[in-house]
>>> print(open('query.cif').read())   # mmCIF, C-alpha atoms
data_input
#
loop_
_atom_site.label_atom_id
_atom_site.label_comp_id
_atom_site.auth_asym_id
_atom_site.auth_seq_id
_atom_site.Cartn_x
_atom_site.Cartn_y
_atom_site.Cartn_z
CA MET L 4 8.11 17.31 11.99
CA THR L 5 7.97 21.05 11.44
CA LEU L 6 8.10 22.56 7.96
CA ILE L 7 11.48 23.25 6.35
CA ARG L 8 11.74 27.00 5.90
CA SER L 9 15.17 27.57 4.33
CA GLU L 10 17.83 25.91 2.24
CA ALA L 11 20.14 25.91 5.26
CA GLU L 12 17.55 23.96 7.26
CA LEU L 13 17.12 21.55 4.36
CA GLU L 14 20.86 20.94 4.04
CA ASP L 15 21.16 20.39 7.79
CA LEU L 16 18.32 17.88 7.89
CA LEU L 17 19.54 15.94 4.84
CA SER L 18 23.00 15.56 6.36
CA ARG L 19 21.97 14.98 9.98
CA PRO L 20 23.15 11.47 10.92
CA SER L 21 21.16 9.00 12.96
CA GLU L 22 22.61 6.82 15.69
CA ALA L 23 22.60 3.97 13.17
CA ASP L 24 24.70 6.09 10.80
CA GLN L 25 27.18 6.79 13.57
CA ALA L 26 27.40 3.07 14.31
CA ALA L 27 27.97 2.33 10.61
CA LEU L 28 30.85 4.81 10.35
CA SER L 29 32.32 3.53 13.59
CA ALA L 30 32.25 -0.04 12.24
CA MET L 31 33.70 0.98 8.86
CA ASP L 32 37.35 0.00 8.59
CA GLY L 33 39.28 2.85 7.00
CA ASP L 34 38.47 5.94 5.00
CA LEU L 35 35.55 6.60 2.63
CA LEU L 36 35.86 7.78 -0.98
CA ILE L 37 32.74 9.07 -2.78
CA LEU L 38 32.98 9.12 -6.57
CA GLY L 39 30.60 11.46 -8.37
CA ALA L 40 29.89 13.37 -5.19
CA GLY L 41 28.91 16.66 -6.82
CA GLY L 42 25.47 15.60 -8.04
CA LYS L 43 22.05 15.82 -6.45
CA MET L 44 22.66 13.42 -3.55
CA GLY L 45 26.42 13.45 -3.17
CA PRO L 46 27.01 16.62 -1.13
CA SER L 47 24.47 15.77 1.58
CA LEU L 48 25.66 12.15 1.69
CA ALA L 49 29.29 13.22 2.13
CA ARG L 50 28.38 15.68 4.86
CA ARG L 51 26.23 13.06 6.60
CA ALA L 52 29.18 10.66 6.58
CA ARG L 53 31.49 13.36 7.95
CA ARG L 54 29.07 14.28 10.74
CA ALA L 55 28.42 10.63 11.57
CA ALA L 56 32.14 9.89 11.93
CA ASP L 57 32.68 13.01 14.04
CA GLN L 58 29.77 12.24 16.33
CA ALA L 59 30.93 8.64 16.67
CA GLY L 60 34.36 9.91 17.68
CA VAL L 61 36.22 8.01 14.95
CA SER L 62 39.10 9.37 12.90
CA LYS L 63 38.23 8.92 9.25
CA ASN L 64 38.84 10.83 6.05
CA ILE L 65 35.75 11.45 3.92
CA VAL L 66 36.87 12.27 0.38
CA ALA L 67 34.47 13.57 -2.28
CA VAL L 68 35.47 13.40 -5.96
CA SER L 69 33.67 15.34 -8.69
CA ARG L 70 34.11 17.97 -11.36
CA PHE L 71 32.28 20.24 -8.87
CA SER L 72 30.59 22.51 -11.37
CA ASP L 73 28.62 23.77 -8.36
CA ARG L 74 31.34 25.55 -6.43
CA ALA L 75 28.94 26.43 -3.61
CA ALA L 76 28.41 22.73 -2.94
CA GLU L 77 32.16 22.17 -2.83
CA LYS L 78 32.62 25.10 -0.47
CA LEU L 79 30.01 23.67 1.90
CA LEU L 80 31.74 20.29 1.82
CA ARG L 81 35.12 21.78 2.64
CA GLU L 82 33.66 23.85 5.46
CA SER L 83 32.15 20.65 6.83
CA GLY L 84 35.50 18.86 6.93
CA VAL L 85 35.09 16.81 3.74
CA GLN L 86 38.17 16.62 1.53
CA THR L 87 37.38 17.41 -2.11
CA ILE L 88 39.21 16.37 -5.27
CA HIS L 89 38.46 17.84 -8.69
CA ALA L 90 38.36 15.14 -11.35
CA ASP L 91 36.51 14.25 -14.51
CA LEU L 92 35.99 10.55 -13.89
CA LEU L 93 35.77 9.90 -17.64
CA ASP L 94 39.42 10.96 -17.80
CA PHE L 95 40.61 7.45 -17.04
CA ASP L 96 44.20 8.54 -16.39
CA ARG L 97 42.88 10.91 -13.73
CA LEU L 98 40.71 8.14 -12.31
CA GLY L 99 43.75 5.89 -12.01
CA ALA L 100 45.61 8.60 -10.08
CA LEU L 101 42.95 8.99 -7.40
CA PRO L 102 43.89 7.84 -3.90
CA ASP L 103 43.29 4.31 -2.73
CA ALA L 104 40.43 3.80 -0.30
CA PRO L 105 39.09 0.69 1.45
CA ASN L 106 35.50 1.93 1.11
CA VAL L 107 34.02 3.47 -2.05
CA ILE L 108 30.59 4.87 -2.90
CA PHE L 109 29.99 5.07 -6.64
CA MET L 110 27.40 7.74 -7.52
CA ALA L 111 28.37 8.89 -11.01
CA GLY L 112 25.66 8.44 -13.62
CA ARG L 113 23.86 10.09 -16.50
CA LYS L 114 20.10 10.11 -16.97
CA PHE L 115 18.70 13.47 -18.01
CA GLY L 116 19.40 14.21 -21.65
CA SER L 117 20.46 10.63 -22.23
CA ALA L 118 18.19 10.40 -25.29
CA GLY L 119 20.18 13.19 -26.96
CA ALA L 120 23.68 11.74 -26.44
CA PRO L 121 23.39 7.98 -25.92
CA TYR L 122 27.14 7.47 -26.40
CA LEU L 123 27.83 9.65 -23.36
CA THR L 124 25.16 7.82 -21.36
CA TRP L 125 26.81 4.47 -22.09
CA ALA L 126 30.28 5.83 -21.37
CA THR L 127 29.15 7.18 -17.99
CA ASN L 128 26.87 4.33 -16.97
CA ALA L 129 28.84 1.36 -18.32
CA ALA L 130 32.44 2.16 -19.37
CA LEU L 131 33.14 4.21 -16.23
CA PRO L 132 31.84 1.58 -13.77
CA ALA L 133 34.09 -0.99 -15.44
CA ARG L 134 37.11 1.25 -14.89
CA VAL L 135 36.09 1.97 -11.29
CA ALA L 136 35.54 -1.70 -10.55
CA GLU L 137 39.01 -2.48 -11.91
CA ARG L 138 40.69 0.43 -10.12
CA TYR L 139 39.05 -0.25 -6.74
CA ARG L 140 38.91 -4.04 -6.93
CA LYS L 141 40.39 -4.33 -3.41
CA SER L 142 37.76 -2.01 -1.89
CA ASN L 143 34.26 -2.45 -0.52
CA ILE L 144 32.00 -0.74 -3.07
CA VAL L 145 28.45 0.52 -2.65
CA ALA L 146 27.21 1.50 -6.10
CA PHE L 147 24.02 3.37 -6.86
CA SER L 148 21.82 1.76 -9.47
CA SER L 149 18.18 2.47 -10.30
CA GLY L 150 14.77 0.87 -10.14
CA ASN L 151 14.67 1.58 -13.89
CA VAL L 152 16.37 -1.77 -14.44
CA TYR L 153 12.98 -3.38 -13.74
CA PRO L 154 10.12 -3.72 -16.22
CA LEU L 155 6.80 -2.01 -15.68
CA VAL L 156 4.91 -4.20 -13.21
CA PRO L 157 1.22 -4.48 -12.21
CA VAL L 158 0.27 -1.76 -9.75
CA ALA L 159 -1.66 -4.25 -7.64
CA GLY L 160 1.45 -6.38 -7.13
CA GLY L 161 3.25 -3.99 -4.79
CA GLY L 162 6.30 -3.42 -6.97
CA ALA L 163 9.32 -5.30 -8.27
CA THR L 164 11.44 -7.11 -5.69
CA GLU L 165 15.10 -7.97 -5.92
CA GLU L 166 14.03 -11.33 -7.33
CA THR L 167 12.17 -9.72 -10.27
CA ALA L 168 14.01 -10.33 -13.52
CA PRO L 169 15.40 -7.11 -15.04
CA GLY L 170 13.53 -5.72 -18.02
CA PRO L 171 14.99 -2.27 -18.71
CA ILE L 172 13.01 -0.02 -21.04
CA GLY L 173 15.07 2.37 -23.18
CA GLU L 174 18.78 3.03 -23.47
CA TYR L 175 19.16 4.78 -20.11
CA ALA L 176 17.75 1.81 -18.22
CA GLN L 177 19.74 -0.62 -20.36
CA SER L 178 22.95 1.25 -19.58
CA VAL L 179 22.16 1.12 -15.85
CA LEU L 180 21.76 -2.64 -16.05
CA ALA L 181 25.12 -2.72 -17.87
CA ARG L 182 26.60 -0.86 -14.87
CA GLU L 183 25.34 -3.60 -12.58
CA ARG L 184 26.59 -6.40 -14.82
CA LEU L 185 30.07 -4.90 -15.00
CA PHE L 186 30.31 -4.60 -11.22
CA GLU L 187 29.19 -8.23 -11.09
CA PHE L 188 31.87 -9.25 -13.59
CA PHE L 189 34.71 -7.63 -11.68
CA SER L 190 33.34 -8.86 -8.37
CA GLU L 191 33.44 -12.38 -9.78
CA ARG L 192 36.94 -11.89 -11.21
CA TYR L 193 38.56 -10.29 -8.16
CA GLY L 194 36.27 -11.19 -5.27
CA THR L 195 35.41 -7.51 -4.81
CA ARG L 196 32.73 -6.98 -2.17
CA VAL L 197 29.89 -4.95 -3.71
CA CYS L 198 26.37 -3.81 -2.86
CA LEU L 199 24.12 -2.42 -5.62
CA LEU L 200 21.40 0.02 -4.54
CA ARG L 201 18.39 0.17 -6.84
CA LEU L 202 17.03 3.59 -5.89
CA ASN L 203 14.09 5.43 -7.30
CA TYR L 204 12.77 8.89 -6.62
CA ALA L 205 14.74 10.41 -3.79
CA ILE L 206 13.04 13.57 -2.48
CA ASP L 207 15.11 16.66 -1.64
CA LEU L 208 12.42 19.43 -2.04
CA ARG L 209 14.63 21.12 -4.66
CA TYR L 210 13.96 18.24 -7.06
CA GLY L 211 12.06 14.98 -7.18
CA VAL L 212 8.82 13.44 -8.36
CA LEU L 213 6.75 15.23 -5.70
CA LEU L 214 8.15 18.61 -6.75
CA ASP L 215 7.34 17.77 -10.37
CA ILE L 216 3.71 16.96 -9.55
CA GLY L 217 3.21 19.79 -7.06
CA SER L 218 4.74 22.42 -9.33
CA ASN L 219 2.46 21.39 -12.18
CA VAL L 220 -0.55 21.70 -9.92
CA PHE L 221 0.59 25.10 -8.63
CA VAL L 222 1.02 26.70 -12.07
CA GLY L 223 -1.87 24.91 -13.75
CA ARG L 224 0.09 22.56 -16.00
CA PRO L 225 -1.53 19.18 -16.63
CA VAL L 226 -0.34 16.27 -14.50
CA ASN L 227 0.21 13.20 -16.66
CA VAL L 228 -1.29 10.14 -14.97
CA SER L 229 -0.27 7.55 -17.57
CA MET L 230 2.38 6.37 -15.10
CA SER L 231 -0.33 6.02 -12.51
CA HIS L 232 1.74 5.19 -9.42
CA VAL L 233 5.24 5.99 -8.12
CA ASN L 234 7.50 5.40 -5.13
CA ALA L 235 9.43 8.06 -3.24
CA VAL L 236 11.85 8.25 -0.32
CA TRP L 237 13.28 11.14 1.67
CA GLN L 238 16.83 11.68 0.45
CA GLY L 239 18.12 11.80 4.01
CA ASP L 240 16.81 8.28 4.55
CA ALA L 241 18.37 7.14 1.25
CA ASN L 242 21.68 8.62 2.42
CA SER L 243 21.39 6.69 5.67
CA VAL L 244 20.71 3.38 3.94
CA CYS L 245 23.69 3.95 1.66
CA LEU L 246 26.07 4.41 4.58
CA ARG L 247 24.70 1.38 6.40
CA SER L 248 24.70 -0.86 3.34
CA PHE L 249 28.46 -1.42 3.52
CA SER L 250 27.49 -4.23 5.88
CA LEU L 251 25.88 -5.95 2.87
CA CYS L 252 28.90 -5.83 0.55
CA GLN L 253 29.76 -9.28 -0.74
CA SER L 254 30.91 -11.23 -3.77
CA PRO L 255 28.85 -11.85 -5.82
CA PRO L 256 27.23 -8.44 -5.23
CA ASP L 257 24.20 -8.02 -3.03
CA VAL L 258 21.28 -6.10 -4.54
CA LEU L 259 19.00 -3.90 -2.46
CA ASN L 260 15.91 -1.99 -3.53
CA LEU L 261 15.81 1.46 -1.94
CA THR L 262 12.63 3.54 -1.76
CA GLY L 263 9.73 4.27 0.56
CA PRO L 264 7.11 1.72 1.59
CA GLU L 265 4.16 3.47 -0.01
CA VAL L 266 2.80 2.91 -3.52
CA LEU L 267 1.63 6.44 -4.32
CA ALA L 268 -1.17 7.19 -6.79
CA VAL L 269 -0.17 10.16 -8.95
CA ARG L 270 -3.77 11.40 -9.15
CA GLU L 271 -4.18 11.29 -5.37
CA ILE L 272 -0.88 13.10 -4.84
CA ALA L 273 -1.99 15.85 -7.24
CA LEU L 274 -5.35 16.19 -5.51
CA ARG L 275 -3.61 16.54 -2.14
CA PHE L 276 -1.31 19.20 -3.58
CA GLY L 277 -4.43 20.95 -4.86
CA GLU L 278 -5.80 21.08 -1.31
CA LEU L 279 -2.53 22.35 0.15
CA LEU L 280 -1.84 24.90 -2.60
CA GLY L 281 -5.38 26.10 -3.24
CA ARG L 282 -5.45 24.88 -6.83
CA THR L 283 -7.59 22.54 -8.90
CA PRO L 284 -5.34 19.98 -10.61
CA VAL L 285 -5.59 19.40 -14.35
CA PHE L 286 -4.93 15.88 -15.60
CA GLU L 287 -3.92 14.33 -18.89
CA GLY L 288 -3.23 10.81 -20.08
CA GLN L 289 -4.88 7.49 -19.35
CA ALA L 290 -3.87 5.71 -16.15
CA ALA L 291 -2.27 2.35 -16.92
CA ASP L 292 -2.45 -0.69 -14.69
CA THR L 293 1.35 -1.10 -14.79
CA ALA L 294 4.03 1.25 -13.49
CA LEU L 295 7.70 1.46 -12.56
CA LEU L 296 7.45 0.37 -8.92
CA ASN L 297 10.12 -0.75 -6.51
CA ASN L 298 9.34 -2.98 -3.52
CA ALA L 299 11.88 -2.14 -0.80
CA GLY L 300 10.50 -4.51 1.81
CA ARG L 301 13.87 -6.18 2.33
CA CYS L 302 15.52 -2.80 2.91
CA HIS L 303 12.92 -1.92 5.53
CA ARG L 304 13.37 -5.26 7.29
CA LEU L 305 17.12 -4.69 7.44
CA PHE L 306 17.27 -1.00 8.25
CA GLY L 307 13.81 0.02 9.40
CA TYR L 308 11.19 2.22 7.80
CA PRO L 309 12.14 5.71 6.56
CA SER L 310 12.04 8.43 9.17
CA VAL L 311 9.86 10.67 6.96
CA THR L 312 6.54 9.46 5.55
CA ALA L 313 5.14 10.25 2.12
CA VAL L 314 2.40 12.32 3.78
CA GLN L 315 5.03 14.50 5.43
CA LEU L 316 7.03 14.79 2.21
CA VAL L 317 3.99 16.08 0.31
CA GLU L 318 3.34 18.68 3.03
CA TRP L 319 6.98 19.78 3.06
CA THR L 320 7.03 20.02 -0.74
CA ALA L 321 3.79 22.01 -0.86
CA HIS L 322 5.18 24.52 1.64
CA TRP L 323 8.44 24.72 -0.34
CA ILE L 324 6.52 25.48 -3.55
CA ARG L 325 4.21 27.98 -1.87
CA SER L 326 7.13 29.84 -0.29
CA SER L 327 9.14 29.91 -3.57
CA GLY L 328 11.96 27.74 -2.24
CA PRO L 329 14.90 27.30 -4.62
CA THR L 330 14.68 24.42 -7.10
CA TRP L 331 17.19 22.79 -9.46
CA ASN L 332 15.08 22.45 -12.60
CA LYS L 333 15.87 18.73 -12.88
CA PRO L 334 12.56 17.03 -13.65
CA THR L 335 12.41 13.28 -13.07
CA HIS L 336 10.31 12.54 -16.18
CA PHE L 337 8.55 9.97 -14.02
CA ASP L 338 5.79 9.69 -16.64
CA ALA L 339 8.13 8.52 -19.41
CA ARG L 340 6.73 5.04 -19.97
CA GLU L 341 8.88 4.52 -23.07
CA GLY L 342 12.12 5.11 -21.13
CA ARG L 343 13.30 8.25 -22.93
CA PHE L 344 14.87 10.85 -20.63
#
>>> encode(input="query.cif", output="structure tokens")
Amino acid sequence: MTLIRSEAELEDLLSRPSEADQAALSAMDGDLLILGAGGKMGPSLARRARRAADQAGVSKNIVAVSRFSDRAAEKLLRESGVQTIHADLLDFDRLGALPDAPNVIFMAGRKFGSAGAPYLTWATNAALPARVAERYRKSNIVAFSSGNVYPLVPVAGGGATEETAPGPIGEYAQSVLARERLFEFFSERYGTRVCLLRLNYAIDLRYGVLLDIGSNVFVGRPVNVSMSHVNAVWQGDANSVCLRSFSLCQSPPDVLNLTGPEVLAVREIALRFGELLGRTPVFEGQAADTALLNNAGRCHRLFGYPSVTAVQLVEWTAHWIRSSGPTWNKPTHFDAREGRF
């Protein structure tokens, strides 16, 4: 693939549906409601769903709900044919007044800054999912979770699978596991069909673990290698899996790991960025033999491998950094082995 040279090109590629996406929207019975759609992934996911439905020739409302602090993102959604609704989802009266929908994607969550306001993290990641699960108990729900629910696992083992027992480290990860457990509870109580997506490290060029590493290399900041390996997946591919995972919704909930197939060595990524950016990386920390790793083999068997490889993502990110592409200043803190974000 060619390099991505502008934000408009990036937005187009992230929201460009595949034939499989079109088939998924065609098979979806009824409209789609996306809760927490104003964050990092939500706008491109909503636009991808809109484009997929249009290209499949099916009449379907795509409704995005958020506070929409980024008005430019909301404007782009509206121009793309996505209906937007302003709502603070933690206003539970407002949540109860939202329209019914047979299909719901739950994206709301709090990670960054969670160490400074743990009460808000728990409210967003646990209390809110309980209210959503109650409110939309008659819907099919695809809910984003995180690979952070897993413990650190041996690097040589290939990553945690869906059968790996949860072992969340820190309050953020614990609250994410609470989110899952509450969806499970309401699925058991009402028979709600749910799929939980354990995602880690979506790549958008404006944020993500590769941008974190590459930017450090570019400006000469040390790259911490204590979390010696990571996973990553192109956000467009994560969007695609999300739309197609409605086929997995069931009671009790299905669980699906979502990331790329590669186990990426942080040191090797930094060295490659050094080659592409003309810099000599500086390292700090001692590489451990365990890391937060997510084995998405089942996802790849069901939906195929991602369309963009890690090699391509590193090259795209290096070009984005070199050409001063816009970024969102939302570091992943991938090296936080103690679970504080």
>>> atom_distance(input="query.cif", atom1="CA of Ser250 (chain L)", atom2="CA of Pro264 (chain L)")
21.7 Å
>>> resolve_selection(input="query.cif", expression="the PyMOL selection byres ((chain L and resi 4-17) around 6)", output="compact mmCIF listing (two decimals) with C-alpha atoms, in the frame of the given file")
# COMPACT_ATOMS: atom_id res chain seq x y z
CA SER L 18 23.00 15.56 6.36
CA ARG L 19 21.97 14.98 9.98
CA SER L 47 24.47 15.77 1.58
CA GLY L 239 18.12 11.80 4.01
CA TRP L 319 6.98 19.78 3.06
>>> axis_aligned_box(input="query.cif", around="region 192-197 of chain L", padding_each_side="5 Å", output="AutoDock Vina command-line options")
--center_x 34.2 --center_y -8.4 --center_z -6.7 --size_x 18.7 --size_y 16.9 --size_z 19.0
>>> residues_around(input="query.cif", residues="Pro284 (chain L)", least_positions_apart="6", cutoff="7 Å", atoms="all atoms listed in the file", output="list of chain:residue names")
L:Val220, L:Gly223, L:Ala273, L:Leu274, L:Gly277
>>> residues_around(input="query.cif", residues="Arg70 (chain L)", least_positions_apart="5", cutoff="8 Å", atoms="only C-alpha atoms", output="ChimeraX atom specification")
/L:39,41,89-91
>>> closest_residue(input="query.cif", among="L:Leu199, L:Ala76, L:Ala23, L:Ile272", to="His232 (chain L)", atoms="only C-alpha atoms")
L:Ile272
>>> resolve_selection(input="query.cif", expression="the PyMOL selection byres ((chain L and resi 216-218) around 12)", output="PyMOL selection string")
chain L and resi 208-215+219-228+232-233+267-286+316-328+330+332+334-338
>>> residues_around(input="query.cif", residues="Gln253 (chain L)", least_positions_apart="4", cutoff="9 Å", atoms="only C-alpha atoms", output="list in words")
Asn143, Ser190, Gly194, Thr195, Arg196, Val197, Cys198 and Asp257 of chain L
